[in-house]
Structures are given as C-alpha cells and as structure tokens.
$ cat input-v3.csv   # CSV, C-alpha atoms
chain,number,residue,atom,x,y,z
D,1,MET,CA,25.7,-22.3,16.3
D,2,ASN,CA,24.4,-19.4,14.3
D,3,ALA,CA,22.8,-21.3,11.4
D,4,PRO,CA,19.6,-22.3,13.2
D,5,ILE,CA,19.0,-18.7,14.3
D,6,THR,CA,19.4,-17.4,10.7
D,7,LEU,CA,17.1,-20.1,9.5
D,8,THR,CA,14.4,-19.2,12.1
D,9,GLN,CA,14.7,-15.6,11.2
D,10,THR,CA,14.3,-16.4,7.5
D,11,ARG,CA,11.2,-18.5,8.1
D,12,ALA,CA,9.7,-15.7,10.3
D,13,ASP,CA,10.3,-13.2,7.5
D,14,GLU,CA,8.7,-15.5,5.0
D,15,ALA,CA,5.7,-16.0,7.2
D,16,PHE,CA,5.5,-12.2,7.7
D,17,ASP,CA,5.7,-11.5,4.0
D,18,CYS,CA,3.1,-14.2,3.3
D,19,LEU,CA,0.6,-13.0,5.8
D,20,GLN,CA,1.0,-9.3,5.0
D,21,THR,CA,0.5,-10.0,1.3
D,22,ALA,CA,-2.6,-12.1,2.2
D,23,ILE,CA,-4.0,-9.1,4.1
D,24,VAL,CA,-3.2,-6.6,1.4
D,25,LYS,CA,-4.8,-8.8,-1.3
D,26,GLY,CA,-7.9,-9.5,0.8
D,27,GLU,CA,-7.2,-13.2,1.3
D,28,LEU,CA,-7.4,-12.3,5.0
D,29,ALA,CA,-10.3,-9.9,4.9
D,30,PRO,CA,-10.7,-6.8,7.1
D,31,GLY,CA,-12.3,-7.8,10.4
D,32,GLU,CA,-11.6,-11.5,9.9
D,33,LYS,CA,-10.8,-13.5,13.0
D,34,ILE,CA,-7.6,-15.5,12.7
D,35,GLY,CA,-5.7,-18.1,14.7
D,36,GLU,CA,-2.2,-19.6,14.5
D,37,LEU,CA,-3.2,-23.1,13.7
D,38,ASP,CA,-5.6,-22.0,10.9
D,39,LEU,CA,-2.9,-19.8,9.4
D,40,CYS,CA,-0.4,-22.7,9.4
D,41,GLU,CA,-2.8,-24.9,7.6
D,42,ARG,CA,-4.0,-22.3,5.1
D,43,PHE,CA,-0.6,-21.0,4.1
D,44,ASN,CA,1.6,-24.1,4.8
D,45,LEU,CA,3.5,-22.3,7.6
D,46,THR,CA,4.9,-23.5,11.0
D,47,ARG,CA,3.7,-22.2,14.3
D,48,GLY,CA,6.8,-20.4,15.6
D,49,PRO,CA,7.3,-18.2,12.6
D,50,VAL,CA,3.6,-17.5,12.4
D,51,ARG,CA,3.5,-16.4,16.1
D,52,GLU,CA,6.4,-13.9,15.4
D,53,ALA,CA,4.8,-12.7,12.2
D,54,LEU,CA,1.5,-12.0,14.0
D,55,GLY,CA,3.4,-9.8,16.5
D,56,ARG,CA,5.0,-7.8,13.7
D,57,LEU,CA,1.7,-7.4,11.9
D,58,GLU,CA,0.1,-6.2,15.1
D,59,SER,CA,2.8,-3.7,15.6
D,60,ARG,CA,2.1,-2.3,12.1
D,61,GLY,CA,-1.5,-1.9,13.0
D,62,LEU,CA,-2.7,-4.6,10.6
D,63,LEU,CA,-4.0,-6.8,13.3
D,64,VAL,CA,-5.8,-6.0,16.5
D,65,ARG,CA,-5.9,-8.2,19.6
D,66,ARG,CA,-8.7,-7.8,22.1
D,67,PRO,CA,-9.2,-9.6,25.4
D,68,HIS,CA,-11.5,-12.6,25.1
D,69,ALA,CA,-12.1,-11.8,21.3
D,70,GLY,CA,-8.8,-13.0,19.8
D,71,VAL,CA,-6.9,-11.5,16.9
D,72,ARG,CA,-8.6,-10.0,13.9
D,73,VAL,CA,-7.5,-8.2,10.8
D,74,VAL,CA,-7.9,-4.5,11.3
D,75,SER,CA,-10.9,-2.8,9.6
D,76,VAL,CA,-12.2,0.7,9.2
D,77,SER,CA,-15.6,2.1,8.3
D,78,ALA,CA,-16.3,3.6,4.9
D,79,ALA,CA,-16.3,7.1,6.5
D,80,GLU,CA,-12.9,6.5,8.1
D,81,LEU,CA,-11.4,5.2,4.9
D,82,LEU,CA,-12.6,8.2,3.0
D,83,GLU,CA,-11.1,10.5,5.6
D,84,LEU,CA,-7.8,8.6,5.3
D,85,TYR,CA,-7.9,9.4,1.6
D,86,ARG,CA,-8.5,13.1,2.3
D,87,ILE,CA,-5.5,13.1,4.5
D,88,ARG,CA,-3.4,11.4,1.8
D,89,GLU,CA,-4.5,13.9,-0.8
D,90,VAL,CA,-3.0,16.8,1.2
D,91,MET,CA,0.1,15.0,2.5
D,92,GLU,CA,1.1,13.2,-0.7
D,93,GLY,CA,0.5,16.3,-2.7
D,94,LEU,CA,3.1,18.1,-0.6
D,95,ALA,CA,5.4,15.0,-0.9
D,96,ALA,CA,5.2,15.2,-4.7
D,97,ARG,CA,6.0,18.9,-4.7
D,98,GLN,CA,9.1,18.4,-2.6
D,99,ALA,CA,10.1,15.3,-4.6
D,100,ALA,CA,10.2,17.5,-7.7
D,101,GLU,CA,12.6,19.8,-5.9
D,102,ARG,CA,14.8,17.2,-4.2
D,103,MET,CA,14.9,13.8,-6.0
D,104,THR,CA,18.0,13.2,-8.0
D,105,ASP,CA,17.9,12.5,-11.8
D,106,ASP,CA,19.0,8.9,-11.2
D,107,GLU,CA,16.2,8.4,-8.6
D,108,ILE,CA,13.7,9.8,-11.1
D,109,ALA,CA,15.0,7.5,-13.9
D,110,ASP,CA,14.8,4.6,-11.6
D,111,LEU,CA,11.2,5.5,-10.6
D,112,GLN,CA,10.3,5.7,-14.3
D,113,ALA,CA,11.8,2.2,-14.8
D,114,THR,CA,9.7,1.0,-11.8
D,115,LEU,CA,6.5,2.2,-13.6
D,116,ASP,CA,7.6,0.2,-16.6
D,117,SER,CA,7.7,-2.9,-14.5
D,118,HIS,CA,4.3,-2.0,-13.1
D,119,GLU,CA,2.9,-1.8,-16.6
D,120,ALA,CA,4.2,-5.3,-17.4
D,121,MET,CA,2.5,-6.5,-14.2
D,122,ILE,CA,-0.8,-4.9,-15.1
D,123,GLU,CA,-0.7,-6.5,-18.5
D,124,GLU,CA,0.0,-9.9,-17.0
D,125,ALA,CA,-3.1,-9.4,-14.8
D,126,ARG,CA,-5.0,-8.4,-18.0
D,127,GLY,CA,-5.7,-5.0,-16.7
D,128,GLN,CA,-7.7,-6.2,-13.7
D,129,ALA,CA,-5.3,-5.5,-10.8
D,130,TYR,CA,-2.4,-3.2,-9.8
D,131,TYR,CA,-0.5,-4.7,-6.9
D,132,GLN,CA,2.6,-2.9,-5.6
D,133,ALA,CA,4.8,-4.6,-3.1
D,134,GLU,CA,5.8,-2.4,-0.2
D,135,GLY,CA,9.0,-0.3,-0.1
D,136,ASP,CA,10.9,0.8,-3.2
D,137,TYR,CA,8.6,-1.1,-5.6
D,138,ASP,CA,5.7,1.1,-4.4
D,139,PHE,CA,5.2,4.3,-6.3
D,140,HIS,CA,3.7,6.2,-3.3
D,141,HIS,CA,6.5,5.0,-1.0
D,142,ARG,CA,9.1,6.3,-3.4
D,143,ILE,CA,7.5,9.7,-3.6
D,144,ALA,CA,7.3,10.0,0.2
D,145,THR,CA,11.0,9.1,0.6
D,146,GLY,CA,12.0,11.2,-2.4
D,147,SER,CA,10.5,14.3,-0.7
D,148,ARG,CA,13.5,14.3,1.7
D,149,ASN,CA,11.0,15.5,4.3
D,150,THR,CA,11.7,13.2,7.2
D,151,LYS,CA,8.6,14.1,9.3
D,152,LEU,CA,6.3,13.9,6.3
D,153,ALA,CA,7.7,10.6,5.3
D,154,GLN,CA,7.3,9.2,8.8
D,155,MET,CA,3.7,10.2,8.8
D,156,LEU,CA,3.0,8.8,5.4
D,157,LEU,CA,4.9,5.6,5.8
D,158,GLY,CA,3.8,4.7,9.4
D,159,ASP,CA,0.5,3.1,10.3
D,160,LEU,CA,-1.3,5.2,7.6
D,161,TYR,CA,0.7,3.5,4.8
D,162,TYR,CA,0.0,0.0,5.9
D,163,MET,CA,-3.7,0.7,6.5
D,164,VAL,CA,-4.1,2.2,3.1
D,165,ARG,CA,-2.3,-0.6,1.4
D,166,MET,CA,-4.9,-3.0,2.6
D,167,TYR,CA,-7.5,-1.1,0.6
D,168,ARG,CA,-5.5,0.1,-2.4
D,169,TYR,CA,-5.2,-3.3,-3.9
D,170,ARG,CA,-8.8,-4.3,-3.1
D,171,LEU,CA,-10.1,-1.1,-4.7
D,172,SER,CA,-7.8,-1.2,-7.8
D,173,THR,CA,-9.5,-4.2,-9.3
D,174,SER,CA,-12.3,-2.4,-11.1
D,175,SER,CA,-12.2,-2.6,-14.8
D,176,GLY,CA,-9.9,0.1,-16.3
D,177,ARG,CA,-8.8,1.6,-13.0
D,178,PRO,CA,-5.3,-0.1,-13.0
D,179,HIS,CA,-4.4,1.5,-16.4
D,180,ARG,CA,-5.8,4.9,-15.4
D,181,ALA,CA,-3.9,4.8,-12.2
D,182,LEU,CA,-0.6,3.9,-14.0
D,183,GLY,CA,-1.2,6.8,-16.4
D,184,GLU,CA,-1.7,9.2,-13.5
D,185,HIS,CA,1.5,7.9,-11.9
D,186,ARG,CA,3.4,8.5,-15.2
D,187,ARG,CA,2.1,12.1,-15.4
D,188,ILE,CA,3.2,12.8,-11.8
D,189,VAL,CA,6.7,11.5,-12.5
D,190,GLU,CA,6.9,13.6,-15.7
D,191,ALA,CA,6.1,16.7,-13.7
D,192,ILE,CA,8.8,15.7,-11.1
D,193,ALA,CA,11.3,15.1,-13.9
D,194,GLN,CA,10.5,18.6,-15.2
D,195,ARG,CA,11.1,20.0,-11.7
D,196,ASP,CA,7.6,21.4,-11.7
D,197,GLY,CA,6.6,21.1,-8.0
D,198,GLU,CA,3.3,22.9,-8.4
D,199,LEU,CA,2.2,20.6,-11.2
D,200,ALA,CA,3.4,17.5,-9.4
D,201,GLU,CA,1.4,18.5,-6.3
D,202,PHE,CA,-1.7,19.2,-8.4
D,203,LEU,CA,-1.5,15.9,-10.2
D,204,MET,CA,-0.9,13.8,-7.1
D,205,LYS,CA,-3.8,15.4,-5.3
D,206,ARG,CA,-6.0,14.8,-8.4
D,207,HIS,CA,-4.8,11.2,-8.5
D,208,ILE,CA,-5.8,10.5,-4.9
D,209,ASN,CA,-9.0,12.4,-5.3
D,210,ALA,CA,-9.9,10.1,-8.2
D,211,ALA,CA,-9.1,7.1,-6.1
D,212,ARG,CA,-11.4,8.4,-3.4
D,213,GLN,CA,-14.2,9.0,-5.9
D,214,ASN,CA,-13.7,5.4,-7.1
D,215,ILE,CA,-14.3,4.2,-3.5
D,216,GLU,CA,-17.4,6.4,-3.1
D,217,ARG,CA,-18.8,5.0,-6.4
D,218,LYS,CA,-18.1,1.4,-5.3
D,219,ILE,CA,-19.9,2.0,-2.0
D,220,GLU,CA,-22.9,3.7,-3.6
D,221,GLN,CA,-23.2,0.8,-6.1
D,222,GLY,CA,-22.9,-1.8,-3.3
D,223,GLU,CA,-19.7,-3.3,-4.8
D,224,ILE,CA,-17.9,-3.1,-1.5
D,225,SER,CA,-19.1,-3.2,2.1
D,226,PHE,CA,-17.5,-2.5,5.4

$ encode --input "input-v3.csv" --output "structure tokens"
Amino acid sequence: MNAPITLTQTRADEAFDCLQTAIVKGELAPGEKIGELDLCERFNLTRGPVREALGRLESRGLLVRRPHAGVRVVSVSAAELLELYRIREVMEGLAARQAAERMTDDEIADLQATLDSHEAMIEEARGQAYYQAEGDYDFHHRIATGSRNTKLAQMLLGDLYYMVRMYRYRLSTSSGRPHRALGEHRRIVEAIAQRDGELAEFLMKRHINAARQNIERKIEQGEISF
C-alpha cells in the first residue's frame, strides 16, 4: 500500500529538482509565463508531480501567481538585484567571520574538498560556467550554516538565497569569472582555516562586491536586461 505513495513523492521531487534547476540556469527565464501542460512537454514530466512542484517553487518565492495572469517565474529589476547584493555583502561577510570562529576542522576540510569538485566542474565547462547545486554543494550555503548563527542563516538561506541563485549562475557565465570566483572562494576558506575572522569577512565582502560590479558592468554594456 505504501509503494505508490513513495513513487509519487519521488516523481514530485524529481519534477521539483528539474524545474528549479531550469529556473536557476535560465531555461525558464525571469518573468516567463509557464503552464503545467507546457512544462510536461518541455521536460518530459507528468502533470501531478508538476503541479506539486509548482506549489513548492511558489512557496520558495521562485514563482508568482497572480489572478487572471497565471504563473510566472519571479523577476526583479536591476536596481533590486543590486540592492540584494549589497545586503549579501554585509550579511555574508558576518557569516564568514563567524564561520572562521565556529566551523570545525573537519567541516573546513570538507569545504576545501567541495571547492576541488567545483574546480573540476568549471574545467568541464571550459571555464564558462560555475553552477553550484543548492545545499551542502553550494559554497555560500556552507558558510551560512558554518556560522552557527541560526538567525543569520535563516535570513541568508530563506527567500533571499533562492532569489539570488537565479541570478548567480546567469551572471557567472562571463569569460574568466568562474575561475576568478573560485579563486576568491579558496582565499576565503584559507582565512577560515587560519581562524582569521577579520580577514574572512573582508574577503567575503570583497568577493560579493566584485560580483555586484560584474552585474553593473553587464548592465552598462547591455549584456543583460531586466
């Protein structure tokens, strides 16, 4: 009796992962109107799991549903995105400082190993993309949880986290940026390993500031539009 329920849940999870990845990678673009039947055809999914996945994506703030307008992928203006990065700069800087004080040696070693896997992925993409799956495989997620600051982690890993992930991948595809970002990640982890909270905070803030400047440059050059 339980097998069909487990199967349904698995298919719903697969649909959710598929659609969330499509949003993060821009296959479902910000502001794009979507429908259940279209999604089933595009991604070879079935309608029940898609319906459940859409509800979960809406609860994460990645989809918006408006009366008489249907469901769309969430979008922000250029000004709003830059403000999100300014917020991240302060909050993630603090998270890095506290991670240097509170992460265990084993957690730091595991994070360094994760960056090694990121490097392999970047090389496989020929240096053109830096995609991090959510959760423990995501460098920024690991720093937030490693801070051991529950309130700070809740703020960083709530709607803000999922909104920013939509744009992080899209904006990491400029030539040279993936390798630079990885190098910045490694220097932050080195500071954490040295238990230098002040340096870790400084490097994290500089890293996110560089990402924001990359966004501003792309906007000015007309490479991205909102």

$ atom_distance --input "input-v3.csv" --atom1 "CA of Arg142 (chain D)" --atom2 "CA of Met91 (chain D)"
13.8 Å

$ residues_around --input "input-v3.csv" --residues "Met121 (chain D)" --least-positions-apart "4" --cutoff "8 Å" --atoms "all atoms listed in the file" --output "number ranges by chain"
D: 117, 125, 130

$ closest_residue --input "input-v3.csv" --among "D:Arg72, D:Lys218, D:Lys33, D:Arg102" --to "Arg170 (chain D)" --atoms "only C-alpha atoms"
D:Lys218

$ atom_distance --input "input-v3.csv" --atom1 "CA of Ala120 (chain D)" --atom2 "CA of Tyr85 (chain D)"
26.9 Å

$ closest_atom_pairs --input "input-v3.csv" --of "region 21-56 of chain D" --to "region 9-17 of chain D" --cutoff "7 Å" --atoms "only C-alpha atoms" --output "Markdown table"
| residue | atom | partner | partner_atom | distance |
| --- | --- | --- | --- | --- |
| D:Thr21 | CA | D:Asp17 | CA | 6.0 |
| D:Leu45 | CA | D:Ala15 | CA | 6.7 |
| D:Pro49 | CA | D:Ala12 | CA | 4.2 |
| D:Val50 | CA | D:Ala15 | CA | 5.8 |
| D:Glu52 | CA | D:Ala12 | CA | 6.3 |
| D:Ala53 | CA | D:Phe16 | CA | 4.6 |

$ atom_distance --input "input-v3.csv" --atom1 "CA of Gly31 (chain D)" --atom2 "CA of Arg217 (chain D)"
22.1 Å

$ closest_residue --input "input-v3.csv" --among "D:Leu37, D:Ala95, D:Val90, D:Ala113" --to "Gln154 (chain D)" --atoms "all atoms listed in the file"
D:Ala95

$ residues_near_point --input "input-v3.csv" --point "(1.0, 11.8, -6.2)" --cutoff "12 Å" --atoms "all atoms listed in the file" --output "ChimeraX atom specification"
/D:88-100,138-144,146-147,181-192,197-211

$ decode --input "input-v3.csv" --residues "region 107-121 of chain D" --atoms "all heavy atoms" --output "PDB file, in the first residue's frame"
ATOM      1  N   GLU D 107      34.878  20.165   9.038  1.00  0.00           N
ATOM      2  CA  GLU D 107      33.982  20.907   8.140  1.00  0.00           C
ATOM      3  C   GLU D 107      34.773  21.753   7.152  1.00  0.00           C
ATOM      4  O   GLU D 107      34.423  21.852   5.970  1.00  0.00           O
ATOM      5  CB  GLU D 107      33.048  21.795   8.955  1.00  0.00           C
ATOM      6  CG  GLU D 107      31.952  21.034   9.691  1.00  0.00           C
ATOM      7  CD  GLU D 107      31.149  21.921  10.617  1.00  0.00           C
ATOM      8  OE1 GLU D 107      31.713  22.898  11.161  1.00  0.00           O
ATOM      9  OE2 GLU D 107      29.952  21.640  10.797  1.00  0.00           O
ATOM     10  N   ILE D 108      35.846  22.343   7.625  1.00  0.00           N
ATOM     11  CA  ILE D 108      36.683  23.165   6.743  1.00  0.00           C
ATOM     12  C   ILE D 108      37.354  22.294   5.688  1.00  0.00           C
ATOM     13  O   ILE D 108      37.402  22.649   4.503  1.00  0.00           O
ATOM     14  CB  ILE D 108      37.722  23.945   7.560  1.00  0.00           C
ATOM     15  CG1 ILE D 108      37.023  24.955   8.472  1.00  0.00           C
ATOM     16  CG2 ILE D 108      38.710  24.659   6.634  1.00  0.00           C
ATOM     17  CD1 ILE D 108      37.924  25.604   9.497  1.00  0.00           C
ATOM     18  N   ALA D 109      37.865  21.142   6.107  1.00  0.00           N
ATOM     19  CA  ALA D 109      38.497  20.224   5.150  1.00  0.00           C
ATOM     20  C   ALA D 109      37.495  19.752   4.107  1.00  0.00           C
ATOM     21  O   ALA D 109      37.813  19.649   2.910  1.00  0.00           O
ATOM     22  CB  ALA D 109      39.096  19.028   5.893  1.00  0.00           C
ATOM     23  N   ASP D 110      36.275  19.499   4.545  1.00  0.00           N
ATOM     24  CA  ASP D 110      35.233  19.064   3.611  1.00  0.00           C
ATOM     25  C   ASP D 110      34.867  20.187   2.643  1.00  0.00           C
ATOM     26  O   ASP D 110      34.614  19.940   1.451  1.00  0.00           O
ATOM     27  CB  ASP D 110      34.005  18.614   4.401  1.00  0.00           C
ATOM     28  CG  ASP D 110      32.988  17.904   3.519  1.00  0.00           C
ATOM     29  OD1 ASP D 110      33.394  17.039   2.729  1.00  0.00           O
ATOM     30  OD2 ASP D 110      31.790  18.215   3.621  1.00  0.00           O
ATOM     31  N   LEU D 111      34.853  21.409   3.122  1.00  0.00           N
ATOM     32  CA  LEU D 111      34.568  22.549   2.263  1.00  0.00           C
ATOM     33  C   LEU D 111      35.673  22.726   1.223  1.00  0.00           C
ATOM     34  O   LEU D 111      35.398  23.026   0.051  1.00  0.00           O
ATOM     35  CB  LEU D 111      34.416  23.815   3.104  1.00  0.00           C
ATOM     36  CG  LEU D 111      34.085  25.110   2.364  1.00  0.00           C
ATOM     37  CD1 LEU D 111      32.859  24.945   1.469  1.00  0.00           C
ATOM     38  CD2 LEU D 111      33.874  26.252   3.354  1.00  0.00           C
ATOM     39  N   GLN D 112      36.915  22.527   1.633  1.00  0.00           N
ATOM     40  CA  GLN D 112      38.023  22.608   0.680  1.00  0.00           C
ATOM     41  C   GLN D 112      37.895  21.528  -0.399  1.00  0.00           C
ATOM     42  O   GLN D 112      38.153  21.778  -1.582  1.00  0.00           O
ATOM     43  CB  GLN D 112      39.361  22.483   1.420  1.00  0.00           C
ATOM     44  CG  GLN D 112      39.681  23.711   2.276  1.00  0.00           C
ATOM     45  CD  GLN D 112      40.847  23.502   3.218  1.00  0.00           C
ATOM     46  OE1 GLN D 112      41.060  22.399   3.722  1.00  0.00           O
ATOM     47  NE2 GLN D 112      41.609  24.559   3.474  1.00  0.00           N
ATOM     48  N   ALA D 113      37.460  20.334   0.003  1.00  0.00           N
ATOM     49  CA  ALA D 113      37.250  19.254  -0.962  1.00  0.00           C
ATOM     50  C   ALA D 113      36.111  19.600  -1.920  1.00  0.00           C
ATOM     51  O   ALA D 113      36.167  19.268  -3.121  1.00  0.00           O
ATOM     52  CB  ALA D 113      36.952  17.945  -0.231  1.00  0.00           C
ATOM     53  N   THR D 114      35.086  20.268  -1.402  1.00  0.00           N
ATOM     54  CA  THR D 114      33.977  20.688  -2.254  1.00  0.00           C
ATOM     55  C   THR D 114      34.463  21.668  -3.321  1.00  0.00           C
ATOM     56  O   THR D 114      34.066  21.588  -4.487  1.00  0.00           O
ATOM     57  CB  THR D 114      32.865  21.340  -1.413  1.00  0.00           C
ATOM     58  OG1 THR D 114      32.341  20.370  -0.505  1.00  0.00           O
ATOM     59  CG2 THR D 114      31.737  21.862  -2.304  1.00  0.00           C
ATOM     60  N   LEU D 115      35.359  22.573  -2.944  1.00  0.00           N
ATOM     61  CA  LEU D 115      35.908  23.515  -3.919  1.00  0.00           C
ATOM     62  C   LEU D 115      36.733  22.792  -4.978  1.00  0.00           C
ATOM     63  O   LEU D 115      36.778  23.213  -6.136  1.00  0.00           O
ATOM     64  CB  LEU D 115      36.739  24.583  -3.223  1.00  0.00           C
ATOM     65  CG  LEU D 115      35.967  25.555  -2.327  1.00  0.00           C
ATOM     66  CD1 LEU D 115      36.897  26.625  -1.768  1.00  0.00           C
ATOM     67  CD2 LEU D 115      34.813  26.207  -3.077  1.00  0.00           C
ATOM     68  N   ASP D 116      37.386  21.704  -4.595  1.00  0.00           N
ATOM     69  CA  ASP D 116      38.106  20.895  -5.588  1.00  0.00           C
ATOM     70  C   ASP D 116      37.132  20.342  -6.626  1.00  0.00           C
ATOM     71  O   ASP D 116      37.425  20.313  -7.825  1.00  0.00           O
ATOM     72  CB  ASP D 116      38.850  19.746  -4.911  1.00  0.00           C
ATOM     73  CG  ASP D 116      40.029  20.215  -4.072  1.00  0.00           C
ATOM     74  OD1 ASP D 116      40.504  21.350  -4.296  1.00  0.00           O
ATOM     75  OD2 ASP D 116      40.462  19.457  -3.185  1.00  0.00           O
ATOM     76  N   SER D 117      35.970  19.894  -6.164  1.00  0.00           N
ATOM     77  CA  SER D 117      34.964  19.379  -7.098  1.00  0.00           C
ATOM     78  C   SER D 117      34.399  20.509  -7.957  1.00  0.00           C
ATOM     79  O   SER D 117      34.086  20.300  -9.135  1.00  0.00           O
ATOM     80  CB  SER D 117      33.842  18.660  -6.342  1.00  0.00           C
ATOM     81  OG  SER D 117      33.060  19.555  -5.580  1.00  0.00           O
ATOM     82  N   HIS D 118      34.301  21.705  -7.396  1.00  0.00           N
ATOM     83  CA  HIS D 118      33.864  22.855  -8.181  1.00  0.00           C
ATOM     84  C   HIS D 118      34.862  23.149  -9.301  1.00  0.00           C
ATOM     85  O   HIS D 118      34.475  23.451 -10.434  1.00  0.00           O
ATOM     86  CB  HIS D 118      33.741  24.093  -7.292  1.00  0.00           C
ATOM     87  CG  HIS D 118      32.576  24.055  -6.355  1.00  0.00           C
ATOM     88  ND1 HIS D 118      32.267  25.107  -5.504  1.00  0.00           N
ATOM     89  CD2 HIS D 118      31.639  23.107  -6.116  1.00  0.00           C
ATOM     90  CE1 HIS D 118      31.204  24.807  -4.797  1.00  0.00           C
ATOM     91  NE2 HIS D 118      30.805  23.592  -5.142  1.00  0.00           N
ATOM     92  N   GLU D 119      36.140  23.047  -8.969  1.00  0.00           N
ATOM     93  CA  GLU D 119      37.170  23.310  -9.981  1.00  0.00           C
ATOM     94  C   GLU D 119      37.050  22.327 -11.142  1.00  0.00           C
ATOM     95  O   GLU D 119      37.151  22.714 -12.311  1.00  0.00           O
ATOM     96  CB  GLU D 119      38.565  23.218  -9.361  1.00  0.00           C
ATOM     97  CG  GLU D 119      39.674  23.542 -10.347  1.00  0.00           C
ATOM     98  CD  GLU D 119      41.038  23.636  -9.698  1.00  0.00           C
ATOM     99  OE1 GLU D 119      41.173  23.243  -8.519  1.00  0.00           O
ATOM    100  OE2 GLU D 119      41.972  24.103 -10.364  1.00  0.00           O
ATOM    101  N   ALA D 120      36.820  21.057 -10.815  1.00  0.00           N
ATOM    102  CA  ALA D 120      36.654  20.045 -11.861  1.00  0.00           C
ATOM    103  C   ALA D 120      35.449  20.367 -12.734  1.00  0.00           C
ATOM    104  O   ALA D 120      35.485  20.206 -13.967  1.00  0.00           O
ATOM    105  CB  ALA D 120      36.514  18.658 -11.232  1.00  0.00           C
ATOM    106  N   MET D 121      34.375  20.833 -12.118  1.00  0.00           N
ATOM    107  CA  MET D 121      33.169  21.183 -12.865  1.00  0.00           C
ATOM    108  C   MET D 121      33.422  22.374 -13.793  1.00  0.00           C
ATOM    109  O   MET D 121      32.984  22.386 -14.948  1.00  0.00           O
ATOM    110  CB  MET D 121      32.031  21.481 -11.904  1.00  0.00           C
ATOM    111  CG  MET D 121      30.704  21.814 -12.582  1.00  0.00           C
ATOM    112  SD  MET D 121      30.522  23.574 -12.921  1.00  0.00           S
ATOM    113  CE  MET D 121      30.464  24.229 -11.258  1.00  0.00           C
TER     114      MET D 121
END
